[in-house]
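Source file: entry-v5.cif. Holds: mmCIF, C-alpha atoms.
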```
data_entry
#
loop_
_atom_site.group_PDB
_atom_site.id
_atom_site.type_symbol
_atom_site.label_atom_id
_atom_site.label_comp_id
_atom_site.auth_asym_id
_atom_site.auth_seq_id
_atom_site.Cartn_x
_atom_site.Cartn_y
_atom_site.Cartn_z
ATOM 1 C CA MET K 1176 10.158 -11.623 -1.780
ATOM 2 C CA LEU K 1177 12.029 -8.301 -1.699
ATOM 3 C CA LYS K 1178 10.382 -7.415 1.624
ATOM 4 C CA TYR K 1179 11.582 -10.705 3.142
ATOM 5 C CA THR K 1180 15.130 -10.073 1.948
ATOM 6 C CA GLN K 1181 15.180 -6.526 3.310
ATOM 7 C CA GLU K 1182 13.156 -6.905 6.501
ATOM 8 C CA GLY K 1183 13.464 -10.609 7.318
ATOM 9 C CA PHE K 1184 9.749 -11.373 7.377
ATOM 10 C CA VAL K 1185 6.446 -11.137 5.552
ATOM 11 C CA ALA K 1186 2.936 -11.095 7.060
ATOM 12 C CA PRO K 1187 0.141 -11.838 6.702
ATOM 13 C CA LEU K 1188 0.030 -14.671 4.172
ATOM 14 C CA ASP K 1189 -3.332 -16.258 3.365
ATOM 15 C CA ILE K 1190 -2.778 -20.012 3.672
ATOM 16 C CA ILE K 1191 -6.007 -21.835 4.548
ATOM 17 C CA SER K 1192 -9.596 -20.744 5.183
ATOM 18 C CA LYS K 1193 -10.939 -20.018 8.648
ATOM 19 C CA ASP K 1194 -13.105 -23.121 8.337
ATOM 20 C CA GLU K 1195 -10.055 -25.243 7.569
ATOM 21 C CA ALA K 1196 -8.221 -23.726 10.519
ATOM 22 C CA GLN K 1197 -11.204 -24.532 12.731
ATOM 23 C CA LEU K 1198 -11.096 -28.171 11.623
ATOM 24 C CA LEU K 1199 -7.398 -28.326 12.513
ATOM 25 C CA ARG K 1200 -8.158 -26.809 15.892
ATOM 26 C CA GLU K 1201 -10.908 -29.344 16.536
ATOM 27 C CA ASP K 1202 -8.611 -32.220 15.592
ATOM 28 C CA LEU K 1203 -5.911 -30.910 17.914
ATOM 29 C CA GLU K 1204 -8.272 -30.274 20.803
ATOM 30 C CA ASN K 1205 -9.824 -33.723 20.419
ATOM 31 C CA ALA K 1206 -6.308 -35.149 20.652
ATOM 32 C CA GLU K 1207 -5.623 -33.046 23.759
ATOM 33 C CA LEU K 1208 -8.761 -34.462 25.381
ATOM 34 C CA GLU K 1209 -7.722 -37.993 24.431
ATOM 35 C CA LEU K 1210 -4.328 -37.464 26.101
ATOM 36 C CA ALA K 1211 -5.472 -35.363 29.061
ATOM 37 C CA ASP K 1212 -4.351 -37.999 31.562
ATOM 38 C CA GLU K 1213 -1.093 -38.792 29.747
ATOM 39 C CA PRO K 1214 1.214 -35.771 30.196
ATOM 40 C CA GLU K 1215 4.187 -37.351 28.430
ATOM 41 C CA LYS K 1216 2.171 -38.011 25.285
ATOM 42 C CA LEU K 1217 0.504 -34.598 25.517
ATOM 43 C CA ALA K 1218 3.944 -32.934 25.535
ATOM 44 C CA LEU K 1219 4.955 -34.974 22.485
ATOM 45 C CA LEU K 1220 1.763 -33.912 20.709
ATOM 46 C CA LYS K 1221 2.640 -30.241 21.221
ATOM 47 C CA ALA K 1222 6.206 -30.777 20.006
ATOM 48 C CA TYR K 1223 5.361 -33.083 17.080
ATOM 49 C CA PRO K 1224 1.796 -32.446 15.838
ATOM 50 C CA GLU K 1225 2.811 -33.235 12.252
ATOM 51 C CA ARG K 1226 4.085 -36.668 13.328
ATOM 52 C CA LEU K 1227 0.982 -37.647 15.310
ATOM 53 C CA LEU K 1228 -1.973 -36.055 13.498
ATOM 54 C CA PRO K 1229 -2.486 -36.656 9.752
ATOM 55 C CA SER K 1230 -4.229 -33.284 9.479
ATOM 56 C CA PHE K 1231 -1.065 -31.471 10.602
ATOM 57 C CA ASP K 1232 1.081 -33.578 8.272
ATOM 58 C CA GLN K 1233 -1.163 -32.311 5.473
ATOM 59 C CA LEU K 1234 -0.740 -28.757 6.771
ATOM 60 C CA ILE K 1235 3.067 -28.762 6.470
ATOM 61 C CA ARG K 1236 2.615 -29.889 2.854
ATOM 62 C CA ASN K 1237 0.044 -27.186 2.058
ATOM 63 C CA GLU K 1238 0.596 -25.744 -1.422
ATOM 64 C CA ASN K 1239 0.450 -22.123 -0.250
ATOM 65 C CA LEU K 1240 3.039 -22.746 2.464
ATOM 66 C CA ILE K 1241 5.303 -24.594 0.029
ATOM 67 C CA THR K 1242 5.028 -21.733 -2.456
ATOM 68 C CA ALA K 1243 5.986 -19.169 0.195
ATOM 69 C CA ALA K 1244 8.922 -21.163 1.580
ATOM 70 C CA SER K 1245 10.154 -22.088 -1.910
ATOM 71 C CA ALA K 1246 10.316 -18.400 -2.818
ATOM 72 C CA VAL K 1247 13.186 -17.959 -0.358
ATOM 73 C CA LEU K 1248 14.711 -21.459 -0.140
ATOM 74 C CA GLY K 1249 14.112 -23.010 -3.556
ATOM 75 C CA PRO K 1250 12.094 -26.066 -4.612
ATOM 76 C CA ASN K 1251 13.645 -28.700 -2.320
ATOM 77 C CA LEU K 1252 12.195 -28.413 1.169
ATOM 78 C CA MET K 1253 12.239 -30.328 4.421
ATOM 79 C CA VAL K 1254 10.345 -29.575 7.623
ATOM 80 C CA TRP K 1255 12.757 -29.697 10.561
ATOM 81 C CA SER K 1256 9.984 -29.231 13.134
ATOM 82 C CA ALA K 1257 6.432 -27.890 13.401
ATOM 83 C CA GLY K 1258 5.871 -27.481 17.130
ATOM 84 C CA LEU K 1259 2.825 -25.810 18.620
ATOM 85 C CA PHE K 1260 2.937 -22.553 20.566
ATOM 86 C CA ILE K 1261 -0.207 -22.337 22.683
ATOM 87 C CA LYS K 1262 -1.170 -19.521 25.038
ATOM 88 C CA GLU K 1263 -4.264 -20.251 27.049
ATOM 89 C CA LYS K 1264 -6.901 -17.538 27.384
ATOM 90 C CA ASN K 1265 -6.026 -14.781 29.872
ATOM 91 C CA SER K 1266 -2.496 -16.154 30.132
ATOM 92 C CA SER K 1267 0.644 -14.314 31.222
ATOM 93 C CA LYS K 1268 2.846 -16.571 29.079
ATOM 94 C CA ILE K 1269 5.192 -14.753 26.701
ATOM 95 C CA VAL K 1270 8.028 -15.497 24.311
ATOM 96 C CA SER K 1271 11.070 -13.312 24.950
ATOM 97 C CA TRP K 1272 13.127 -11.618 22.247
ATOM 98 C CA HIS K 1273 15.328 -14.232 20.601
ATOM 99 C CA GLN K 1274 16.803 -15.558 17.351
ATOM 100 C CA ASP K 1275 15.747 -19.109 16.494
ATOM 101 C CA LEU K 1276 18.971 -20.319 14.919
ATOM 102 C CA THR K 1277 20.936 -19.584 18.091
ATOM 103 C CA TYR K 1278 19.887 -22.929 19.548
ATOM 104 C CA TRP K 1279 19.198 -25.453 16.824
ATOM 105 C CA GLY K 1280 22.752 -26.580 16.080
ATOM 106 C CA LEU K 1281 22.322 -26.242 12.308
ATOM 107 C CA ASP K 1282 25.299 -25.420 10.127
ATOM 108 C CA ASP K 1283 23.746 -22.671 7.996
ATOM 109 C CA ASP K 1284 20.841 -20.202 7.913
ATOM 110 C CA ALA K 1285 18.996 -21.748 4.933
ATOM 111 C CA GLU K 1286 15.799 -21.908 7.022
ATOM 112 C CA THR K 1287 12.526 -20.050 7.238
ATOM 113 C CA THR K 1288 9.712 -20.341 9.763
ATOM 114 C CA CYS K 1289 6.106 -20.207 8.621
ATOM 115 C CA TRP K 1290 4.086 -19.517 11.775
ATOM 116 C CA ILE K 1291 0.481 -20.382 10.985
ATOM 117 C CA ALA K 1292 -2.374 -19.232 13.188
ATOM 118 C CA ILE K 1293 -4.742 -22.077 14.058
ATOM 119 C CA SER K 1294 -6.734 -19.559 16.086
ATOM 120 C CA ARG K 1295 -6.802 -15.749 15.941
ATOM 121 C CA ALA K 1296 -3.451 -14.179 16.866
ATOM 122 C CA HIS K 1297 -3.728 -10.414 17.350
ATOM 123 C CA ALA K 1298 -2.039 -7.996 19.746
ATOM 124 C CA ASP K 1299 -4.482 -8.765 22.573
ATOM 125 C CA SER K 1300 -3.864 -12.500 22.243
ATOM 126 C CA GLY K 1301 -0.081 -12.230 22.109
ATOM 127 C CA CYS K 1302 0.795 -12.305 18.410
ATOM 128 C CA MET K 1303 4.392 -12.142 17.264
ATOM 129 C CA LYS K 1304 6.467 -8.997 16.959
ATOM 130 C CA PHE K 1305 9.466 -8.598 14.663
ATOM 131 C CA VAL K 1306 12.327 -6.111 14.438
ATOM 132 C CA PRO K 1307 12.683 -5.439 10.673
ATOM 133 C CA GLY K 1308 16.170 -5.984 9.317
ATOM 134 C CA SER K 1309 17.535 -7.589 12.489
ATOM 135 C CA HIS K 1310 18.231 -10.846 10.606
ATOM 136 C CA LYS K 1311 21.301 -9.107 9.194
ATOM 137 C CA ASN K 1312 22.920 -9.080 12.666
ATOM 138 C CA LYS K 1313 23.849 -12.788 12.581
ATOM 139 C CA ILE K 1314 23.847 -14.361 16.056
ATOM 140 C CA VAL K 1315 23.954 -11.935 19.006
ATOM 141 C CA PRO K 1316 24.570 -12.955 22.653
ATOM 142 C CA HIS K 1317 21.665 -14.645 24.473
ATOM 143 C CA LYS K 1318 21.072 -15.634 28.086
ATOM 144 C CA ASP K 1319 18.855 -18.191 29.816
ATOM 145 C CA THR K 1320 16.344 -16.655 32.259
ATOM 146 C CA TYR K 1321 14.329 -19.794 33.152
ATOM 147 C CA SER K 1322 11.315 -17.518 33.631
ATOM 148 C CA GLU K 1323 8.131 -19.439 34.471
ATOM 149 C CA ASP K 1324 6.118 -17.175 32.156
ATOM 150 C CA ASN K 1325 8.349 -17.859 29.140
ATOM 151 C CA LEU K 1326 7.185 -20.488 26.617
ATOM 152 C CA LEU K 1327 10.776 -21.089 25.492
ATOM 153 C CA SER K 1328 12.402 -24.114 27.124
ATOM 154 C CA ARG K 1329 14.996 -22.168 29.112
ATOM 155 C CA GLY K 1330 13.533 -18.695 28.894
ATOM 156 C CA GLN K 1331 16.115 -17.832 26.238
ATOM 157 C CA GLU K 1332 16.493 -14.107 25.685
ATOM 158 C CA ILE K 1333 18.665 -11.750 23.656
ATOM 159 C CA SER K 1334 21.247 -10.106 25.935
ATOM 160 C CA VAL K 1335 21.587 -6.909 23.919
ATOM 161 C CA LYS K 1336 18.947 -4.201 24.275
ATOM 162 C CA VAL K 1337 16.035 -4.427 21.853
ATOM 163 C CA ASN K 1338 14.215 -1.169 21.140
ATOM 164 C CA GLU K 1339 10.501 -2.005 21.360
ATOM 165 C CA ASN K 1340 9.742 1.079 19.272
ATOM 166 C CA ASP K 1341 11.412 -0.637 16.322
ATOM 167 C CA ALA K 1342 9.132 -3.664 16.546
ATOM 168 C CA VAL K 1343 6.333 -4.450 14.082
ATOM 169 C CA THR K 1344 3.268 -6.380 15.241
ATOM 170 C CA ALA K 1345 2.261 -9.281 12.974
ATOM 171 C CA ALA K 1346 -1.456 -9.802 13.625
ATOM 172 C CA LEU K 1347 -2.915 -12.928 12.015
ATOM 173 C CA ASP K 1348 -6.434 -14.227 11.581
ATOM 174 C CA ALA K 1349 -7.006 -17.969 11.833
ATOM 175 C CA GLY K 1350 -5.633 -19.566 8.667
ATOM 176 C CA GLN K 1351 -3.047 -16.844 7.998
ATOM 177 C CA ALA K 1352 0.694 -17.132 8.495
ATOM 178 C CA SER K 1353 3.799 -15.041 8.891
ATOM 179 C CA MET K 1354 7.169 -16.110 7.539
ATOM 180 C CA HIS K 1355 10.424 -15.067 9.179
ATOM 181 C CA HIS K 1356 14.158 -15.659 8.879
ATOM 182 C CA GLY K 1357 15.818 -17.741 11.592
ATOM 183 C CA LEU K 1358 18.069 -14.845 12.632
ATOM 184 C CA LEU K 1359 15.285 -12.260 12.959
ATOM 185 C CA PHE K 1360 14.654 -10.751 16.410
ATOM 186 C CA HIS K 1361 11.117 -11.756 17.424
ATOM 187 C CA SER K 1362 8.959 -12.126 20.514
ATOM 188 C CA SER K 1363 5.333 -12.221 21.637
ATOM 189 C CA GLY K 1364 3.394 -10.876 24.589
ATOM 190 C CA PRO K 1365 0.732 -12.316 26.926
ATOM 191 C CA ASN K 1366 -2.709 -13.471 25.839
ATOM 192 C CA THR K 1367 -5.221 -11.111 27.426
ATOM 193 C CA SER K 1368 -8.095 -12.354 25.260
ATOM 194 C CA ASN K 1369 -10.824 -14.856 26.151
ATOM 195 C CA ASP K 1370 -9.691 -17.481 23.658
ATOM 196 C CA ARG K 1371 -6.667 -19.725 23.260
ATOM 197 C CA ARG K 1372 -3.930 -18.537 20.919
ATOM 198 C CA ILE K 1373 -2.766 -21.581 18.960
ATOM 199 C CA GLY K 1374 -0.054 -21.542 16.320
ATOM 200 C CA SER K 1375 2.259 -24.003 14.591
ATOM 201 C CA ALA K 1376 5.823 -22.867 13.886
ATOM 202 C CA ILE K 1377 6.737 -24.803 10.745
ATOM 203 C CA ARG K 1378 10.510 -24.724 10.178
ATOM 204 C CA TYR K 1379 11.388 -25.260 6.516
ATOM 205 C CA ILE K 1380 15.018 -25.993 5.635
ATOM 206 C CA LYS K 1381 17.052 -26.794 2.539
ATOM 207 C CA PRO K 1382 18.175 -30.444 2.394
ATOM 208 C CA SER K 1383 21.769 -29.177 2.242
ATOM 209 C CA MET K 1384 21.499 -28.135 5.886
ATOM 210 C CA LYS K 1385 22.855 -30.464 8.561
ATOM 211 C CA GLN K 1386 23.313 -30.689 12.304
ATOM 212 C CA GLU K 1387 26.777 -29.549 13.363
ATOM 213 C CA SER K 1388 26.930 -32.581 15.648
ATOM 214 C CA GLY K 1389 26.529 -34.963 12.712
ATOM 215 C CA ASP K 1390 23.335 -36.429 14.164
ATOM 216 C CA LYS K 1391 20.288 -37.060 11.966
ATOM 217 C CA PRO K 1392 16.972 -35.911 13.495
ATOM 218 C CA ILE K 1393 13.760 -36.874 11.756
ATOM 219 C CA VAL K 1394 12.390 -34.495 9.127
ATOM 220 C CA SER K 1395 9.624 -34.491 6.535
ATOM 221 C CA LEU K 1396 10.526 -34.106 2.878
ATOM 222 C CA VAL K 1397 7.648 -31.936 1.654
ATOM 223 C CA SER K 1398 8.857 -30.677 -1.733
ATOM 224 C CA GLY K 1399 11.420 -31.733 -4.308
ATOM 225 C CA LYS K 1400 14.185 -34.166 -3.432
ATOM 226 C CA ASP K 1401 16.998 -34.821 -0.966
ATOM 227 C CA ASP K 1402 20.437 -35.278 -2.516
ATOM 228 C CA PHE K 1403 22.350 -35.044 0.773
ATOM 229 C CA GLY K 1404 21.102 -37.588 3.323
ATOM 230 C CA ASN K 1405 21.827 -35.321 6.293
ATOM 231 C CA PHE K 1406 18.569 -36.177 8.084
ATOM 232 C CA LYS K 1407 16.300 -39.155 8.642
ATOM 233 C CA ILE K 1408 13.238 -38.705 6.454
ATOM 234 C CA ALA K 1409 10.108 -39.882 8.247
ATOM 235 C CA ASP K 1410 6.996 -41.234 6.596
ATOM 236 C CA ALA K 1411 3.603 -39.618 7.095
ATOM 237 C CA PRO K 1412 1.847 -40.555 10.366
ATOM 238 C CA LYS K 1413 0.690 -44.161 10.561
ATOM 239 C CA GLY K 1414 -2.657 -42.931 11.898
ATOM 240 C CA TRP K 1415 -4.257 -40.678 14.492
ATOM 241 C CA LEU K 1416 -2.085 -40.770 17.659
ATOM 242 C CA SER K 1417 -0.393 -44.002 16.584
ATOM 243 C CA GLU K 1418 1.745 -45.734 19.226
ATOM 244 C CA GLU K 1419 4.418 -46.359 16.589
ATOM 245 C CA ASP K 1420 4.543 -42.635 15.831
ATOM 246 C CA PHE K 1421 4.768 -41.760 19.527
ATOM 247 C CA GLU K 1422 7.827 -44.004 19.834
ATOM 248 C CA LEU K 1423 9.483 -42.289 16.860
ATOM 249 C CA CYS K 1424 8.839 -38.936 18.530
ATOM 250 C CA ARG K 1425 10.334 -40.161 21.812
ATOM 251 C CA GLN K 1426 13.516 -41.201 20.045
ATOM 252 C CA ASP K 1427 13.803 -37.865 18.249
ATOM 253 C CA LYS K 1428 13.102 -35.906 21.428
ATOM 254 C CA ALA K 1429 15.922 -37.733 23.211
ATOM 255 C CA LEU K 1430 18.286 -36.984 20.317
ATOM 256 C CA LYS K 1431 17.359 -33.292 20.199
ATOM 257 C CA LYS K 1432 17.700 -32.955 23.964
ATOM 258 C CA ARG K 1433 21.319 -33.938 23.483
ATOM 259 C CA ILE K 1434 22.158 -31.866 20.393
ATOM 260 C CA LEU K 1435 20.190 -28.636 20.795
ATOM 261 C CA LEU K 1436 22.271 -25.810 22.202
#
```

Whole structure given in structure tokens:
Amino acid sequence: MLKYTQEGFVAPLDIISKDEAQLLREDLENAELELADEPEKLALLKAYPERLLPSFDQLIRNENLITAASAVLGPNLMVWSAGLFIKEKNSSKIVSWHQDLTYWGLDDDAETTCWIAISRAHADSGCMKFVPGSHKNKIVPHKDTYSEDNLLSRGQEISVKVNENDAVTAALDAGQASMHHGLLFHSSGPNTSNDRRIGSAIRYIKPSMKQESGDKPIVSLVSGKDDFGNFKIADAPKGWLSEEDFELCRQDKALKKRILL
């Protein structure tokens, strides 16, 4: 993982087949149809797919993803979150330049994000862009723009100037992933294609990490063991869109609303 150490990311990584990605997409879109008239549950589905759909719980435990994350974090791995980033076809939605770890309230940078494409993510559909080596900057100033076109909750954006000419585009086919450091500058543009761009940002952390607030959000232990007890380890989903799992997600969402920066 010399490239990851030097540049802060690697891409593409072959994780699952296109057919497997299509099955995940179908499961997700069936769930979206099921919840079409329940916006609160639909929002929870997008934030917690791995808690509500057994297929996405299996995804975060995928052997190829575990191998990639273990190469930079070691054998003991938790998933802190695996939220979906969806850009509808012909959408102006973007993700501004930012560093993930600015906002999560974690005490260290022992984290890596495996962003797996459930559908094709190329330049025309708004794939991610990275600035190589920018993870060595630590945290830089950010501002909240509250832009309606920004998929981030507050339109968070790096305040310092980012030279677009330094950026590298990370195009992914369905089933491929990129992996990036939580301090790396990254963004993505609009989806000008005629298909949805669907991806899951799976945040792997070492069990030694903890929330600076002392709170214990729910996580999944996906490899090795936890010798620290800094988080609440959740079981696999009880079933497909289980009411018990929705309630667990509601509780965690309320906690994170309070502790995320």

*Run through the PyMOL selection byres ((chain K and resi 1288-1300) around 6) on the given coordinates and return the selected residues as a list of chain:residue names.*
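For this structure, the PyMOL selection byres ((chain K and resi 1288-1300) around 6) resolves to K:Ala1196, K:Thr1287, K:Gly1301, K:Cys1302, K:Ala1346, K:Leu1347, K:Asp1348, K:Ala1349, K:Gly1350, K:Gln1351, K:Ala1352, K:Ser1353, K:Met1354, K:His1355, K:Asn1366, K:Thr1367, K:Ser1368, K:Arg1372, K:Ile1373, K:Gly1374, K:Ser1375, K:Ala1376, K:Ile1377, K:Arg1378.
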
*On this file, the PyMOL selection byres ((chain K and resi 1308-1312) around 8) gives some set of residues; write that set as an MDAnalysis selection string.*
chainID K and resid 1181:1183 1306:1307 1313:1315 1356:1360

Suppose we keep C-alpha atoms; can you now write the selection as an mmCIF file, in the frame of the given file?
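And here's again_36.cif as it stands now:
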```cif
data_model
loop_
_atom_site.group_PDB
_atom_site.id
_atom_site.type_symbol
_atom_site.label_atom_id
_atom_site.label_comp_id
_atom_site.auth_asym_id
_atom_site.auth_seq_id
_atom_site.Cartn_x
_atom_site.Cartn_y
_atom_site.Cartn_z
ATOM 1 C CA GLN K 1181 15.180 -6.526 3.310
ATOM 2 C CA GLU K 1182 13.156 -6.905 6.501
ATOM 3 C CA GLY K 1183 13.464 -10.609 7.318
ATOM 4 C CA VAL K 1306 12.327 -6.111 14.438
ATOM 5 C CA PRO K 1307 12.683 -5.439 10.673
ATOM 6 C CA LYS K 1313 23.849 -12.788 12.581
ATOM 7 C CA ILE K 1314 23.847 -14.361 16.056
ATOM 8 C CA VAL K 1315 23.954 -11.935 19.006
ATOM 9 C CA HIS K 1356 14.158 -15.659 8.879
ATOM 10 C CA GLY K 1357 15.818 -17.741 11.592
ATOM 11 C CA LEU K 1358 18.069 -14.845 12.632
ATOM 12 C CA LEU K 1359 15.285 -12.260 12.959
ATOM 13 C CA PHE K 1360 14.654 -10.751 16.410
#
```

_Ground truth for the PyMOL selection byres ((chain K and resi 1317-1331) around 12), written as a ChimeraX atom specification_ = /K:1222,1258-1263,1266-1278,1301,1314-1316,1332-1337,1360-1366,1432,1435-1436

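Counting only C-alpha atoms and comparing K:Ile1393, K:Leu1281, K:Leu1199, K:Ala1211, the residue that lies closest to K:Ala1429 is K:Ile1393.
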
*Pick out the residues sitting within 7 Å of K:Arg1226, and hand them over as an NGL selection string; count all atoms listed in the file, and ignore anything fewer than 2 positions along from it in its own chain.*
:K and (1223-1224 or 1228 or 1232 or 1411-1412 or 1420)

*With all atoms listed in the file as the basis for distance, which of K:Phe1305, K:Lys1428, K:Leu1416, K:Ile1190 is at the shortest distance from K:Asn1205?*
K:Leu1416

*Find, counting only C-alpha atoms, the residue in K:Leu1198, K:Ile1434, K:Leu1210, K:Val1185 that gets nearest to K:Met1303.*
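Among the listed residues, K:Val1185 lies closest to K:Met1303.
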
*Separation of atom CA of K:Leu1252 from atom CA of K:Met1384 in Å*: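 Taking atom CA of K:Met1384 and atom CA of K:Leu1252, their separation equals 10.4 Å.
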
_So, with only C-alpha atoms as the atoms that count, which of K:Ala1257, K:Asp1370, K:Pro1392, K:Ala1342 lies closest to K:Leu1220?_
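Closest to K:Leu1220 of all the choices is K:Ala1257.
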
*Selected residue, from K:Trp1255, K:Tyr1179, K:Phe1421, K:Phe1403, that lies nearest to K:Leu1219 when counting all atoms listed in the file*: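 Checking each of K:Trp1255, K:Tyr1179, K:Phe1421, K:Phe1403 against K:Leu1219, counting all atoms listed in the file, the winner is K:Phe1421.
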
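Look at stretch 1380-1383 of chain K: the protein and nucleic acid residues within 9 Å of it, using all atoms listed in the file and passing over chain neighbours fewer than 5 places away, are Ala1244, Leu1248, Gly1249, Pro1250, Asn1251, Leu1252, Met1253, Val1254, Trp1255, Asp1283, Asp1284, Ala1285, Glu1286, Thr1287, Thr1288, Leu1396, Lys1400, Asp1401, Asp1402, Phe1403, Gly1404, Asn1405 and Phe1406 of chain K.
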
*What is the atom CA of K:Glu1387-atom CA of K:Lys1407 distance in Å, reported with one decimal?*
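That distance, rounded to one decimal, is 15.0 Å.
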
Coordinates of box centre and edge lengths for stretch 1293-1299 of chain K, 8 Å on every side, axis-aligned, as JSON:
```
{"center_x": -4.4, "center_y": -15.0, "center_z": 18.3, "size_x": 20.8, "size_y": 30.1, "size_z": 24.5}
```

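Across the model, the gap from atom CA of K:Lys1385 to atom CA of K:Glu1215 is 28.1 Å.
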
Will you model N, CA and C atoms for stretch 1236-1249 of chain K and pass it back as an mmCIF file, keeping the file's coordinate frame?
```
data_model
loop_
_atom_site.group_PDB
_atom_site.id
_atom_site.type_symbol
_atom_site.label_atom_id
_atom_site.label_comp_id
_atom_site.auth_asym_id
_atom_site.auth_seq_id
_atom_site.Cartn_x
_atom_site.Cartn_y
_atom_site.Cartn_z
ATOM 1 N N ARG K 1236 2.478 -29.671 4.292
ATOM 2 C CA ARG K 1236 2.615 -29.889 2.854
ATOM 3 C C ARG K 1236 1.673 -28.988 2.041
ATOM 4 N N ASN K 1237 1.007 -28.058 2.721
ATOM 5 C CA ASN K 1237 0.044 -27.186 2.058
ATOM 6 C C ASN K 1237 0.708 -26.417 0.905
ATOM 7 N N GLU K 1238 0.029 -26.363 -0.214
ATOM 8 C CA GLU K 1238 0.596 -25.744 -1.422
ATOM 9 C C GLU K 1238 0.965 -24.285 -1.201
ATOM 10 N N ASN K 1239 0.153 -23.543 -0.473
ATOM 11 C CA ASN K 1239 0.450 -22.123 -0.250
ATOM 12 C C ASN K 1239 1.675 -21.944 0.638
ATOM 13 N N LEU K 1240 1.840 -22.810 1.625
ATOM 14 C CA LEU K 1240 3.039 -22.746 2.464
ATOM 15 C C LEU K 1240 4.278 -23.125 1.656
ATOM 16 N N ILE K 1241 4.172 -24.170 0.851
ATOM 17 C CA ILE K 1241 5.303 -24.594 0.029
ATOM 18 C C ILE K 1241 5.719 -23.492 -0.941
ATOM 19 N N THR K 1242 4.730 -22.827 -1.530
ATOM 20 C CA THR K 1242 5.028 -21.733 -2.456
ATOM 21 C C THR K 1242 5.790 -20.611 -1.756
ATOM 22 N N ALA K 1243 5.332 -20.247 -0.553
ATOM 23 C CA ALA K 1243 5.986 -19.169 0.195
ATOM 24 C C ALA K 1243 7.410 -19.554 0.574
ATOM 25 N N ALA K 1244 7.586 -20.740 1.149
ATOM 26 C CA ALA K 1244 8.922 -21.163 1.580
ATOM 27 C C ALA K 1244 9.855 -21.357 0.388
ATOM 28 N N SER K 1245 9.330 -21.870 -0.716
ATOM 29 C CA SER K 1245 10.154 -22.088 -1.910
ATOM 30 C C SER K 1245 10.665 -20.775 -2.493
ATOM 31 N N ALA K 1246 9.905 -19.697 -2.284
ATOM 32 C CA ALA K 1246 10.316 -18.400 -2.818
ATOM 33 C C ALA K 1246 11.626 -17.921 -2.211
ATOM 34 N N VAL K 1247 11.940 -18.397 -1.001
ATOM 35 C CA VAL K 1247 13.186 -17.959 -0.358
ATOM 36 C C VAL K 1247 14.217 -19.080 -0.240
ATOM 37 N N LEU K 1248 13.782 -20.343 -0.335
ATOM 38 C CA LEU K 1248 14.711 -21.459 -0.140
ATOM 39 C C LEU K 1248 14.893 -22.333 -1.382
ATOM 40 N N GLY K 1249 14.033 -22.159 -2.384
ATOM 41 C CA GLY K 1249 14.112 -23.010 -3.556
ATOM 42 C C GLY K 1249 13.143 -24.180 -3.469
#
```
